[in-house]
$ cat target.txt   # compact mmCIF, C-alpha atoms and all ligand atoms
# COMPACT_ATOMS: atom_id res chain seq x y z
CA MET A 15 -34.76 -42.51 -32.13
CA PRO A 16 -32.51 -40.95 -34.80
CA SER A 17 -30.25 -38.14 -33.77
CA ALA A 18 -31.10 -34.67 -34.99
CA ALA A 19 -27.45 -33.74 -35.27
CA GLY A 20 -26.01 -33.97 -38.76
CA ALA A 21 -29.34 -33.53 -40.47
CA GLY A 22 -27.37 -31.09 -42.56
CA ALA A 23 -29.14 -31.35 -45.88
CA ALA A 24 -31.92 -28.83 -45.72
CA GLY A 25 -35.05 -29.60 -47.75
CA ALA A 26 -33.91 -28.12 -51.04
CA VAL A 27 -30.64 -30.01 -51.29
CA ALA A 28 -32.17 -33.23 -49.97
CA ASP A 29 -34.97 -33.07 -52.54
CA ARG A 30 -32.49 -32.87 -55.40
CA LEU A 31 -30.88 -36.07 -54.19
CA LEU A 32 -34.13 -38.03 -54.37
CA GLY A 33 -34.69 -40.69 -57.03
CA PRO A 34 -37.86 -40.50 -59.16
CA LYS A 35 -39.77 -42.92 -56.92
CA GLU A 36 -38.88 -41.00 -53.75
CA ARG A 37 -39.66 -37.68 -55.41
CA ARG A 38 -43.19 -38.93 -56.02
CA ARG A 39 -43.58 -39.33 -52.26
CA LEU A 40 -44.38 -36.24 -50.34
CA ALA A 41 -44.48 -35.53 -46.62
CA ILE A 42 -46.48 -32.48 -45.62
CA VAL A 43 -45.22 -31.75 -42.11
CA LEU A 44 -47.50 -29.43 -40.13
CA VAL A 45 -45.94 -26.82 -37.85
CA GLY A 46 -47.71 -24.59 -35.37
CA LEU A 47 -48.77 -23.96 -31.82
CA PRO A 48 -51.76 -25.89 -30.46
CA ALA A 49 -55.19 -24.48 -31.39
CA ARG A 50 -54.01 -22.99 -34.68
CA GLY A 51 -56.18 -25.19 -36.90
CA LYS A 52 -53.44 -27.68 -37.85
CA THR A 53 -55.59 -30.78 -37.59
CA PHE A 54 -58.43 -29.12 -39.47
CA THR A 55 -56.05 -28.10 -42.28
CA ALA A 56 -54.40 -31.55 -42.30
CA ALA A 57 -57.77 -33.33 -42.53
CA LYS A 58 -59.00 -31.04 -45.27
CA LEU A 59 -55.85 -31.40 -47.36
CA THR A 60 -55.94 -35.18 -46.92
CA ARG A 61 -59.56 -35.28 -48.11
CA TYR A 62 -58.78 -33.14 -51.17
CA LEU A 63 -55.76 -35.17 -52.24
CA ARG A 64 -57.57 -38.49 -51.75
CA TRP A 65 -60.47 -37.25 -53.81
CA LEU A 66 -58.03 -36.37 -56.60
CA GLY A 67 -56.80 -39.98 -56.49
CA HIS A 68 -53.53 -39.52 -54.56
CA ASP A 69 -52.98 -42.17 -51.92
CA THR A 70 -52.87 -39.86 -48.90
CA LYS A 71 -52.87 -40.53 -45.16
CA HIS A 72 -53.10 -38.29 -42.13
CA PHE A 73 -50.68 -39.21 -39.30
CA ASN A 74 -51.68 -37.57 -36.05
CA VAL A 75 -48.84 -37.65 -33.52
CA GLY A 76 -51.25 -36.79 -30.68
CA LYS A 77 -52.84 -40.22 -31.20
CA TYR A 78 -49.43 -41.89 -30.88
CA ARG A 79 -48.74 -39.93 -27.70
CA ARG A 80 -52.05 -40.98 -26.17
CA LEU A 81 -51.48 -44.62 -27.12
CA LYS A 82 -48.03 -44.66 -25.53
CA HIS A 83 -48.53 -42.35 -22.57
CA GLY A 84 -52.29 -42.25 -22.01
CA CYS A 85 -54.55 -39.20 -22.10
CA THR A 86 -53.68 -37.74 -18.74
CA GLN A 87 -50.53 -35.66 -19.29
CA ASN A 88 -50.93 -32.24 -17.77
CA ALA A 89 -49.30 -29.04 -19.01
CA ASP A 90 -45.98 -29.95 -17.32
CA PHE A 91 -45.45 -32.72 -19.84
CA PHE A 92 -45.20 -30.01 -22.52
CA ARG A 93 -42.79 -27.69 -20.65
CA SER A 94 -39.78 -26.61 -22.68
CA ASP A 95 -37.43 -27.35 -19.74
CA ASN A 96 -38.85 -30.83 -19.08
CA GLN A 97 -36.26 -32.98 -20.86
CA GLU A 98 -38.14 -36.18 -20.05
CA GLY A 99 -41.28 -34.75 -21.63
CA ILE A 100 -39.35 -33.52 -24.69
CA ASP A 101 -37.77 -36.96 -25.17
CA ALA A 102 -41.12 -38.70 -24.79
CA ARG A 103 -42.72 -36.39 -27.34
CA ASN A 104 -39.84 -36.78 -29.79
CA GLU A 105 -40.07 -40.53 -29.39
CA VAL A 106 -43.72 -40.69 -30.39
CA ALA A 107 -43.10 -38.27 -33.26
CA ALA A 108 -40.33 -40.59 -34.50
CA LEU A 109 -42.67 -43.58 -34.18
CA ALA A 110 -45.29 -41.83 -36.28
CA MET A 111 -42.66 -40.78 -38.85
CA ASP A 112 -41.39 -44.35 -39.05
CA ASP A 113 -44.91 -45.57 -39.69
CA MET A 114 -45.40 -42.93 -42.33
CA LEU A 115 -42.19 -43.86 -44.15
CA SER A 116 -43.08 -47.60 -44.00
CA TRP A 117 -46.51 -46.78 -45.38
CA MET A 118 -44.80 -44.91 -48.25
CA ASP A 119 -42.59 -47.97 -48.88
CA GLU A 120 -45.78 -49.93 -49.39
CA GLY A 121 -46.98 -47.47 -52.03
CA GLY A 122 -48.42 -44.53 -50.04
CA GLN A 123 -47.86 -41.22 -51.82
CA VAL A 124 -48.62 -38.26 -49.57
CA GLY A 125 -48.24 -38.39 -45.80
CA VAL A 126 -49.70 -35.52 -43.81
CA PHE A 127 -47.74 -35.41 -40.57
CA ASP A 128 -49.77 -33.62 -37.96
CA ALA A 129 -47.97 -32.39 -34.81
CA THR A 130 -46.74 -29.06 -33.47
CA ASN A 131 -43.19 -29.72 -34.77
CA SER A 132 -42.51 -26.32 -33.32
CA THR A 133 -38.75 -26.45 -32.71
CA LYS A 134 -35.92 -26.54 -35.21
CA LEU A 135 -34.47 -29.56 -33.45
CA ARG A 136 -37.66 -31.56 -33.89
CA ARG A 137 -37.86 -30.60 -37.56
CA LYS A 138 -34.22 -31.50 -38.07
CA MET A 139 -34.95 -34.92 -36.63
CA LEU A 140 -37.83 -35.39 -39.08
CA LEU A 141 -35.75 -34.19 -42.04
CA THR A 142 -33.01 -36.65 -41.10
CA MET A 143 -35.48 -39.50 -40.98
CA ALA A 144 -36.99 -38.54 -44.34
CA GLU A 145 -33.66 -37.94 -46.08
CA GLY A 146 -33.46 -39.90 -49.35
CA LYS A 147 -36.97 -41.28 -48.79
CA CYS A 148 -39.43 -38.53 -49.62
CA GLN A 149 -39.77 -34.85 -50.32
CA VAL A 150 -40.65 -32.78 -47.22
CA ILE A 151 -42.71 -29.60 -47.18
CA PHE A 152 -43.38 -27.82 -43.89
CA LEU A 153 -46.84 -26.34 -43.61
CA GLU A 154 -46.93 -23.77 -40.81
CA THR A 155 -50.23 -22.38 -39.59
CA ILE A 156 -49.89 -19.09 -37.77
CA CYS A 157 -52.91 -17.44 -36.22
CA LYS A 158 -52.76 -14.20 -34.28
CA ASP A 159 -56.47 -13.50 -34.03
CA PRO A 160 -57.40 -13.97 -30.34
CA ALA A 161 -61.06 -14.66 -31.20
CA VAL A 162 -60.13 -17.52 -33.54
CA ILE A 163 -57.62 -18.94 -31.06
CA ASP A 164 -60.23 -18.75 -28.31
CA GLN A 165 -62.77 -20.56 -30.46
CA ASN A 166 -60.21 -23.26 -31.32
CA ILE A 167 -59.31 -23.70 -27.64
CA ARG A 168 -62.96 -24.22 -26.70
CA LEU A 169 -63.41 -26.73 -29.50
CA LYS A 170 -60.26 -28.55 -28.45
CA ILE A 171 -61.45 -28.90 -24.87
CA ARG A 172 -64.84 -30.19 -25.96
CA LYS A 173 -63.50 -32.62 -28.57
CA SER A 174 -59.97 -33.69 -27.60
CA PRO A 175 -59.55 -37.10 -25.90
CA ASP A 176 -56.92 -35.31 -23.73
CA TYR A 177 -59.78 -33.75 -21.77
CA ALA A 178 -62.44 -36.43 -22.10
CA ASP A 179 -61.85 -37.53 -18.49
CA GLN A 180 -61.76 -34.00 -17.10
CA PRO A 181 -65.32 -33.05 -16.12
CA ASP A 182 -64.29 -29.62 -14.86
CA TYR A 183 -64.28 -27.35 -17.93
CA GLU A 184 -62.46 -24.49 -16.18
CA ALA A 185 -59.69 -26.82 -14.97
CA ALA A 186 -59.31 -28.21 -18.52
CA LEU A 187 -59.20 -24.67 -19.89
CA ALA A 188 -56.52 -23.59 -17.41
CA ASP A 189 -54.43 -26.67 -18.20
CA PHE A 190 -54.68 -26.21 -21.95
CA LYS A 191 -53.77 -22.53 -21.67
CA ALA A 192 -50.72 -23.50 -19.58
CA ARG A 193 -49.79 -26.04 -22.28
CA LEU A 194 -50.02 -23.27 -24.87
CA VAL A 195 -47.71 -21.01 -22.86
CA ASN A 196 -45.20 -23.86 -22.55
CA TYR A 197 -45.21 -24.46 -26.28
CA SER A 198 -44.96 -20.72 -27.03
CA LYS A 199 -41.75 -20.44 -24.99
CA ALA A 200 -39.91 -22.86 -27.27
CA TYR A 201 -41.64 -22.00 -30.55
CA GLU A 202 -39.35 -21.36 -33.53
CA PRO A 203 -41.09 -20.33 -36.77
CA VAL A 204 -40.01 -22.22 -39.88
CA ASP A 205 -37.33 -20.63 -42.02
CA GLU A 206 -35.64 -23.78 -43.25
CA GLY A 207 -36.23 -26.12 -46.20
CA SER A 208 -39.34 -26.00 -48.36
CA TYR A 209 -42.28 -24.43 -46.64
CA ILE A 210 -45.72 -22.92 -46.90
CA LYS A 211 -46.80 -20.50 -44.18
CA MET A 212 -50.45 -19.71 -43.72
CA ILE A 213 -50.77 -16.56 -41.66
CA ASP A 214 -54.17 -15.60 -40.28
CA MET A 215 -55.88 -17.33 -43.19
CA VAL A 216 -58.55 -18.91 -41.06
CA SER A 217 -61.29 -16.36 -41.39
CA GLU A 218 -59.56 -13.09 -42.20
CA GLN A 219 -59.96 -11.67 -45.69
CA ASP A 220 -56.45 -10.25 -45.47
CA GLY A 221 -54.60 -13.39 -44.48
CA GLN A 222 -51.21 -14.06 -45.99
CA MET A 223 -49.49 -17.03 -47.50
CA GLN A 224 -45.72 -17.32 -47.82
CA VAL A 225 -44.16 -19.98 -49.99
CA ASN A 226 -40.50 -20.93 -50.08
CA ASN A 227 -38.74 -23.36 -52.40
CA ILE A 228 -41.88 -25.08 -53.65
CA SER A 229 -41.94 -26.57 -57.12
CA GLY A 230 -43.58 -29.46 -58.95
CA TYR A 231 -47.12 -30.27 -59.96
CA LEU A 232 -48.52 -31.65 -56.71
CA PRO A 233 -46.90 -29.11 -54.35
CA GLY A 234 -48.22 -26.42 -56.71
CA ARG A 235 -51.75 -27.83 -56.51
CA ILE A 236 -51.49 -27.97 -52.72
CA VAL A 237 -50.50 -24.29 -52.52
CA PHE A 238 -53.33 -23.35 -54.86
CA PHE A 239 -55.83 -25.33 -52.80
CA LEU A 240 -54.66 -23.91 -49.47
CA VAL A 241 -54.64 -20.33 -50.71
CA ASN A 242 -58.32 -20.70 -51.51
CA THR A 243 -59.56 -22.41 -48.36
CA HIS A 244 -60.84 -20.66 -45.25
CA LEU A 245 -63.11 -21.23 -42.29
CA THR A 246 -65.92 -18.77 -42.86
CA PRO A 247 -69.07 -20.79 -42.14
CA ARG A 248 -71.59 -20.91 -44.99
CA PRO A 249 -73.89 -23.54 -46.46
CA ILE A 250 -73.61 -25.25 -49.82
CA LEU A 251 -76.87 -26.63 -51.15
CA LEU A 252 -76.57 -29.49 -53.62
CA THR A 253 -79.48 -30.68 -55.72
CA ARG A 254 -80.13 -32.62 -58.88
CA HIS A 255 -82.32 -30.96 -61.50
CA GLY A 256 -86.04 -31.71 -61.34
CA GLU A 257 -87.24 -34.83 -63.13
CA SER A 258 -86.51 -34.55 -66.87
CA MET A 259 -88.30 -36.04 -69.86
CA PHE A 260 -85.35 -38.48 -70.16
CA ASN A 261 -85.67 -39.51 -66.50
CA LEU A 262 -89.30 -40.39 -67.25
CA ASN A 263 -88.31 -43.06 -69.74
CA GLY A 264 -84.92 -44.01 -68.33
CA ARG A 265 -82.72 -42.38 -70.98
CA ILE A 266 -79.29 -41.10 -70.08
CA GLY A 267 -77.55 -37.86 -71.00
CA GLY A 268 -79.05 -35.63 -73.69
CA ASP A 269 -80.40 -32.14 -73.16
CA PRO A 270 -84.06 -32.74 -72.27
CA GLU A 271 -86.52 -30.33 -70.67
CA LEU A 272 -88.27 -30.94 -67.35
CA SER A 273 -91.32 -33.17 -66.90
CA ALA A 274 -94.43 -31.74 -65.21
CA THR A 275 -93.13 -33.12 -61.90
CA GLY A 276 -89.75 -31.54 -62.60
CA ASP A 277 -91.49 -28.18 -63.07
CA ILE A 278 -93.19 -28.53 -59.69
CA TYR A 279 -89.80 -29.24 -58.09
CA ALA A 280 -88.38 -26.07 -59.70
CA THR A 281 -91.11 -24.02 -58.00
CA LYS A 282 -90.62 -25.73 -54.64
CA LEU A 283 -86.86 -25.39 -54.86
CA ALA A 284 -87.18 -21.64 -55.44
CA SER A 285 -89.36 -21.09 -52.38
CA PHE A 286 -87.04 -23.26 -50.28
CA VAL A 287 -83.96 -21.31 -51.41
CA HIS A 288 -85.65 -17.93 -50.91
CA LYS A 289 -86.63 -18.90 -47.38
CA ARG A 290 -83.32 -20.56 -46.50
CA LEU A 291 -81.13 -17.77 -47.86
CA LYS A 292 -83.34 -14.75 -47.23
CA SER A 293 -81.09 -13.37 -44.52
CA GLN A 294 -77.99 -13.61 -46.74
CA HIS A 295 -76.61 -10.50 -48.42
CA SER A 296 -75.08 -12.57 -51.15
CA ALA A 297 -75.29 -16.07 -52.47
CA SER A 298 -74.96 -17.58 -55.91
CA ILE A 299 -76.75 -20.19 -57.94
CA TRP A 300 -74.62 -22.51 -60.05
CA THR A 301 -76.03 -24.70 -62.80
CA SER A 302 -74.59 -26.73 -65.63
CA THR A 303 -75.01 -25.54 -69.22
CA LEU A 304 -77.78 -28.10 -69.79
CA ARG A 305 -81.43 -27.11 -69.97
CA ARG A 306 -82.67 -29.33 -67.16
CA THR A 307 -80.55 -27.58 -64.53
CA ILE A 308 -81.11 -24.08 -65.90
CA LEU A 309 -84.88 -24.67 -65.93
CA THR A 310 -84.75 -26.08 -62.39
CA ALA A 311 -83.17 -22.85 -61.17
CA THR A 312 -85.41 -20.63 -63.25
CA HIS A 313 -87.71 -19.43 -60.43
CA ILE A 314 -84.86 -18.59 -58.04
CA THR A 315 -84.49 -14.83 -58.15
CA GLY A 316 -82.39 -12.18 -56.46
CA PHE A 317 -79.06 -14.03 -56.68
CA PRO A 318 -76.54 -14.18 -59.52
CA LYS A 319 -76.59 -17.35 -61.61
CA VAL A 320 -73.49 -18.93 -63.07
CA GLN A 321 -73.45 -21.69 -65.69
CA TRP A 322 -70.51 -24.07 -65.50
CA ARG A 323 -69.67 -26.47 -68.31
CA ALA A 324 -67.71 -28.42 -65.70
CA LEU A 325 -71.05 -29.18 -64.03
CA ASP A 326 -72.51 -30.88 -67.14
CA GLU A 327 -73.50 -34.52 -66.63
CA ILE A 328 -70.99 -37.34 -67.30
CA ASP A 329 -70.58 -37.62 -71.06
CA ALA A 330 -72.03 -41.01 -72.06
CA GLY A 331 -70.36 -40.77 -75.52
CA ILE A 332 -71.91 -43.18 -78.03
CA CYS A 333 -74.45 -44.26 -75.38
CA ASP A 334 -75.87 -40.76 -74.95
CA GLY A 335 -79.67 -40.80 -75.24
CA MET A 336 -79.97 -44.58 -74.74
CA THR A 337 -81.61 -46.52 -71.89
CA TYR A 338 -79.51 -48.95 -69.80
CA GLU A 339 -81.57 -51.81 -71.33
CA GLU A 340 -80.67 -50.69 -74.86
CA ILE A 341 -76.99 -50.51 -73.95
CA LYS A 342 -77.17 -54.01 -72.44
CA GLU A 343 -78.78 -55.41 -75.58
CA THR A 344 -76.75 -53.67 -78.26
CA MET A 345 -73.37 -53.30 -76.49
CA PRO A 346 -73.23 -56.10 -73.91
CA ASP A 347 -69.44 -55.83 -73.52
CA GLU A 348 -69.65 -52.13 -72.75
CA TYR A 349 -72.47 -52.76 -70.32
CA GLN A 350 -70.50 -55.48 -68.57
CA SER A 351 -67.26 -53.44 -68.41
CA ARG A 352 -69.09 -50.59 -66.76
CA LYS A 353 -70.74 -52.91 -64.29
CA LEU A 354 -67.35 -54.36 -63.35
CA ASP A 355 -65.56 -51.06 -62.78
CA LYS A 356 -67.95 -48.15 -62.84
CA LEU A 357 -65.34 -45.71 -61.48
CA ARG A 358 -62.76 -46.27 -64.21
CA TYR A 359 -65.02 -47.30 -67.10
CA ARG A 360 -64.98 -44.67 -69.84
CA TYR A 361 -67.91 -44.56 -72.28
CA PRO A 362 -66.58 -44.83 -75.86
CA ARG A 363 -66.02 -41.20 -76.94
CA GLY A 364 -67.27 -40.15 -73.54
CA GLU A 365 -66.09 -39.98 -69.93
CA SER A 366 -65.44 -42.05 -66.82
CA TYR A 367 -66.16 -41.01 -63.24
CA LEU A 368 -62.41 -40.41 -62.84
CA ASP A 369 -62.56 -37.99 -65.79
CA VAL A 370 -65.50 -36.24 -64.15
CA ILE A 371 -63.59 -35.82 -60.88
CA GLN A 372 -60.65 -34.25 -62.71
CA ARG A 373 -62.87 -31.72 -64.46
CA LEU A 374 -64.66 -30.89 -61.20
CA GLU A 375 -61.47 -29.87 -59.43
CA PRO A 376 -61.81 -26.16 -60.30
CA VAL A 377 -65.41 -26.30 -59.06
CA ILE A 378 -64.23 -27.67 -55.70
CA VAL A 379 -61.55 -24.99 -55.36
CA GLU A 380 -64.10 -22.32 -56.23
CA LEU A 381 -66.58 -23.74 -53.69
CA GLU A 382 -63.83 -23.64 -51.08
CA ARG A 383 -63.01 -20.04 -52.00
CA GLN A 384 -66.58 -18.72 -51.76
CA ARG A 385 -67.50 -16.96 -48.52
CA SER A 386 -71.23 -16.83 -49.15
CA PRO A 387 -73.75 -19.62 -49.74
CA VAL A 388 -73.83 -21.47 -53.07
CA VAL A 389 -76.69 -23.49 -54.52
CA VAL A 390 -75.45 -26.11 -57.00
CA VAL A 391 -78.08 -27.48 -59.37
CA ALA A 392 -76.47 -30.31 -61.30
CA HIS A 393 -76.67 -33.98 -62.25
CA GLN A 394 -76.42 -37.40 -60.67
CA ALA A 395 -72.78 -38.33 -61.49
CA ILE A 396 -71.61 -34.75 -60.86
CA LEU A 397 -73.29 -34.51 -57.46
CA ARG A 398 -72.03 -37.95 -56.43
CA SER A 399 -68.50 -36.71 -57.14
CA LEU A 400 -68.93 -33.38 -55.34
CA TYR A 401 -70.67 -35.00 -52.38
CA ALA A 402 -67.85 -37.57 -52.08
CA TYR A 403 -65.35 -34.71 -51.70
CA PHE A 404 -67.25 -33.16 -48.80
CA THR A 405 -67.91 -36.46 -47.06
CA ASP A 406 -64.49 -38.06 -47.75
CA LYS A 407 -65.93 -41.13 -49.47
CA PRO A 408 -63.47 -43.57 -51.04
CA LEU A 409 -63.23 -43.20 -54.83
CA ASP A 410 -64.66 -46.66 -55.55
CA GLU A 411 -67.88 -45.80 -53.72
CA ILE A 412 -68.54 -42.62 -55.70
CA PRO A 413 -70.48 -44.13 -58.65
CA HIS A 414 -72.80 -45.94 -56.25
CA ILE A 415 -73.74 -43.08 -53.90
CA GLU A 416 -77.51 -42.57 -53.55
CA MET A 417 -78.39 -39.24 -55.13
CA PRO A 418 -82.19 -39.01 -55.23
CA LEU A 419 -84.16 -36.53 -57.32
CA HIS A 420 -86.10 -33.72 -55.63
CA THR A 421 -83.89 -33.67 -52.56
CA ILE A 422 -81.58 -30.91 -51.30
CA ILE A 423 -78.40 -31.84 -49.49
CA GLU A 424 -77.11 -29.00 -47.35
CA ILE A 425 -73.43 -29.16 -46.45
CA GLN A 426 -72.18 -26.79 -43.76
CA MET A 427 -68.76 -25.48 -44.78
CA GLY A 428 -66.16 -23.98 -42.50
CA VAL A 429 -66.82 -26.23 -39.54
CA PRO A 430 -64.67 -29.16 -38.46
CA GLY A 431 -66.12 -32.48 -39.52
CA VAL A 432 -68.93 -32.87 -42.00
CA GLN A 433 -72.35 -31.54 -41.17
CA GLU A 434 -75.09 -32.40 -43.58
CA LYS A 435 -78.88 -32.01 -43.69
CA ARG A 436 -81.27 -33.39 -46.27
CA TYR A 437 -84.58 -31.89 -47.38
CA LYS A 438 -86.90 -33.98 -49.53
CA LEU A 439 -89.24 -31.56 -51.27
CA LEU A 440 -91.30 -34.05 -53.35
O1 LIG A 501 -80.05 -41.12 -65.48
C1 LIG A 501 -79.73 -39.81 -65.18
C2 LIG A 501 -78.24 -39.56 -65.30
O2 LIG A 501 -77.99 -38.24 -64.90
C3 LIG A 501 -77.67 -39.78 -66.72
O3 LIG A 501 -77.75 -38.69 -67.57
C4 LIG A 501 -76.26 -40.20 -66.41
O4 LIG A 501 -75.63 -40.86 -67.49
C5 LIG A 501 -76.46 -41.06 -65.21
O5 LIG A 501 -77.50 -40.46 -64.47
C6 LIG A 501 -75.25 -41.20 -64.31
O6 LIG A 501 -75.51 -42.21 -63.37
P1 LIG A 501 -74.83 -43.64 -63.52
O7 LIG A 501 -73.37 -43.37 -63.44
O8 LIG A 501 -75.33 -44.44 -62.34
O9 LIG A 501 -75.20 -44.25 -64.83
$ encode --input "target.txt" --output "structure tokens" --more "lines below"
Ligand code: F6P
Amino acid sequence: MPSAAGAGAAGAVADRLLGPKERRRLAIVLVGLPARGKTFTAAKLTRYLRWLGHDTKHFNVGKYRRLKHGCTQNADFFRSDNQEGIDARNEVAALAMDDMLSWMDEGGQVGVFDATNSTKLRRKMLLTMAEGKCQVIFLETICKDPAVIDQNIRLKIRKSPDYADQPDYEAALADFKARLVNYSKAYEPVDEGSYIKMIDMVSEQDGQMQVNNISGYLPGRIVFFLVNTHLTPRPILLTRHGESMFNLNGRIGGDPELSATGDIYATKLASFVHKRLKSQHSASIWTSTLRRTILTATHITGFPKVQWRALDEIDAGICDGMTYEEIKETMPDEYQSRKLDKLRYRYPRGESYLDVIQRLEPVIVELERQRSPVVVVAHQAILRSLYAYFTDKPLDEIPHIEMPLHTIIEIQMGVPGVQEKRYKLL
């Protein structure tokens, strides 16, 4: 294990010494007491960055600890005066950091290093290990709201492998609370290097974010993303427009109206939405700027409607308005190129799926920011891309995701893990 002593170069200085390749690599090192939402934040950030095409991996030090020491450590293991415990925990943290740095050597770009990292000594050790290899940003999650902490503790006891073999809930609760006290005694908030502090941002409207010594495109995007995310539970309903006249004869793109079946779906969708969201004080309906989505939402009343150009269907360029058969016959090379790499293929004078994902980024941030339900009425390629974000699908799978007509996909936001329900209305 590397020594923490002599880790003199604090983040800022160390970052300036990095070469261009190392500067591209970024370690987001979580900091915070247990039950402060670190793993949730780490998982969410990892999902977002992967979706944007950055090779990102979540390293959970708890998993390393359990592999090396089993799942049965009680609160004593985490005492601040238990040198054996401290050494054992530092050792597994160093193992995870080593793995993360090796993964970066093989091409990985952003490592999200998930542990409490709650003492200066531990963080110094990590900075020493990362020196000259990658940029380090500490991401500290501070939560003072007892109700949120309590909820996190309960979730932890139900879900964590640390308590899977403890059938007595009260005993598990007492042990975890003792672990928390032990960590609190040694806790030192971050005031070194580059850092982002999220303070009571979980569900409070008046949370705070502090940012120190952060610069560059990707760190900037990360701050922007985090400032907009929260844990308020609310549903997002995703649906394609009702069947269009183009769908009837297999034509792509264009700006067609709905078929008779599409009209029926619009009516059914409205009664579904009214019933599903009737108890909500606010909600909003988002469509693209194309007629088939606007018409599909036409019977939904009582909620504001927003048209987003970013939600318009993938631009098929010179193929717009054609059938797949016509493309195959008249532009066989284009047809074949798309078949070979549907994610990266860009229609001549049009877009690729990767282009679509880039333009949907503000939509994702806005969906994260909303605290009330949103109904998104959009198109096949658009919904595949949005759905992939919520379900953490690999980029290459996105163009092949099933996205049937006349079906609502409800995603529950603000809860750990993905919860999805589907309603087929026709
Ligand atoms: O066919 C309906 C449609 O929305 C077209 O407008 C669009 O080009 C297509 O789906 C996207 O799906 P794919 O990427 O599978 O061609």
$ closest_residue --input "target.txt" --among "A:Ser132, A:Thr337, A:Thr310, A:Thr60" --to "Leu262 of chain A" --atoms "all atoms listed in the file"
A:Thr337
$ residues_near_ligand --input "target.txt" --ligand "ligand LIG 501 (chain A)" --cutoff "10 Å" --atoms "all atoms listed in the file" --output "ChimeraX atom specification"
/A:254-255,257-258,260-270,326-331,333-338,352-353,356-357,359,361,365-367,392-398,412-417,419
$ write_last_selection --input "target.txt" --atoms "C-alpha atoms" --output "short mmCIF file (atom, residue, chain, number, x, y, z; two decimals), in the coordinates of the input"
data_model
loop_
_atom_site.label_atom_id
_atom_site.label_comp_id
_atom_site.auth_asym_id
_atom_site.auth_seq_id
_atom_site.Cartn_x
_atom_site.Cartn_y
_atom_site.Cartn_z
CA ARG A 254 -80.13 -32.62 -58.88
CA HIS A 255 -82.32 -30.96 -61.50
CA GLU A 257 -87.24 -34.83 -63.13
CA SER A 258 -86.51 -34.55 -66.87
CA PHE A 260 -85.35 -38.48 -70.16
CA ASN A 261 -85.67 -39.51 -66.50
CA LEU A 262 -89.30 -40.39 -67.25
CA ASN A 263 -88.31 -43.06 -69.74
CA GLY A 264 -84.92 -44.01 -68.33
CA ARG A 265 -82.72 -42.38 -70.98
CA ILE A 266 -79.29 -41.10 -70.08
CA GLY A 267 -77.55 -37.86 -71.00
CA GLY A 268 -79.05 -35.63 -73.69
CA ASP A 269 -80.40 -32.14 -73.16
CA PRO A 270 -84.06 -32.74 -72.27
CA ASP A 326 -72.51 -30.88 -67.14
CA GLU A 327 -73.50 -34.52 -66.63
CA ILE A 328 -70.99 -37.34 -67.30
CA ASP A 329 -70.58 -37.62 -71.06
CA ALA A 330 -72.03 -41.01 -72.06
CA GLY A 331 -70.36 -40.77 -75.52
CA CYS A 333 -74.45 -44.26 -75.38
CA ASP A 334 -75.87 -40.76 -74.95
CA GLY A 335 -79.67 -40.80 -75.24
CA MET A 336 -79.97 -44.58 -74.74
CA THR A 337 -81.61 -46.52 -71.89
CA TYR A 338 -79.51 -48.95 -69.80
CA ARG A 352 -69.09 -50.59 -66.76
CA LYS A 353 -70.74 -52.91 -64.29
CA LYS A 356 -67.95 -48.15 -62.84
CA LEU A 357 -65.34 -45.71 -61.48
CA TYR A 359 -65.02 -47.30 -67.10
CA TYR A 361 -67.91 -44.56 -72.28
CA GLU A 365 -66.09 -39.98 -69.93
CA SER A 366 -65.44 -42.05 -66.82
CA TYR A 367 -66.16 -41.01 -63.24
CA ALA A 392 -76.47 -30.31 -61.30
CA HIS A 393 -76.67 -33.98 -62.25
CA GLN A 394 -76.42 -37.40 -60.67
CA ALA A 395 -72.78 -38.33 -61.49
CA ILE A 396 -71.61 -34.75 -60.86
CA LEU A 397 -73.29 -34.51 -57.46
CA ARG A 398 -72.03 -37.95 -56.43
CA ILE A 412 -68.54 -42.62 -55.70
CA PRO A 413 -70.48 -44.13 -58.65
CA HIS A 414 -72.80 -45.94 -56.25
CA ILE A 415 -73.74 -43.08 -53.90
CA GLU A 416 -77.51 -42.57 -53.55
CA MET A 417 -78.39 -39.24 -55.13
CA LEU A 419 -84.16 -36.53 -57.32
#
$ closest_residue --input "target.txt" --among "A:Gly221, A:Pro175, A:Pro203, A:Pro387" --to "Leu81 of chain A" --atoms "all atoms listed in the file"
A:Pro175
$ closest_residue --input "target.txt" --among "A:Lys35, A:Gly230, A:Tyr279, A:Ile308" --to "Glu120 of chain A" --atoms "only C-alpha atoms"
A:Lys35
$ atom_distance --input "target.txt" --atom1 "atom CA of Leu272 of chain A" --atom2 "atom CA of Leu368 of chain A"
27.9 Å
$ residues_around --input "target.txt" --residues "Glu36 of chain A" --least-positions-apart "6" --cutoff "10 Å" --atoms "all atoms listed in the file" --output "JSON, numbers by chain"
{"A": [29, 118, 119, 123, 144, 145, 146, 147, 148, 149]}
$ residues_around --input "target.txt" --residues "segment 165-167 of chain A" --least-positions-apart "3" --cutoff "9 Å" --atoms "all atoms listed in the file" --output "MDAnalysis selection string"
chainID A and resid 48:51 160:162 170:172 187 190:191
$ closest_residue --input "target.txt" --among "A:Val389, A:Leu63, A:Ile371, A:Val216" --to "Glu424 of chain A" --atoms "all atoms listed in the file"
A:Val389
$ atom_distance --input "target.txt" --atom1 "atom CA of Arg306 of chain A" --atom2 "atom CA of Thr405 of chain A"
25.9 Å
$ residues_around --input "target.txt" --residues "Thr253 of chain A" --least-positions-apart "3" --cutoff "7 Å" --atoms "only C-alpha atoms" --output "VMD selection string"
chain A and resid 390 to 392 421 to 423
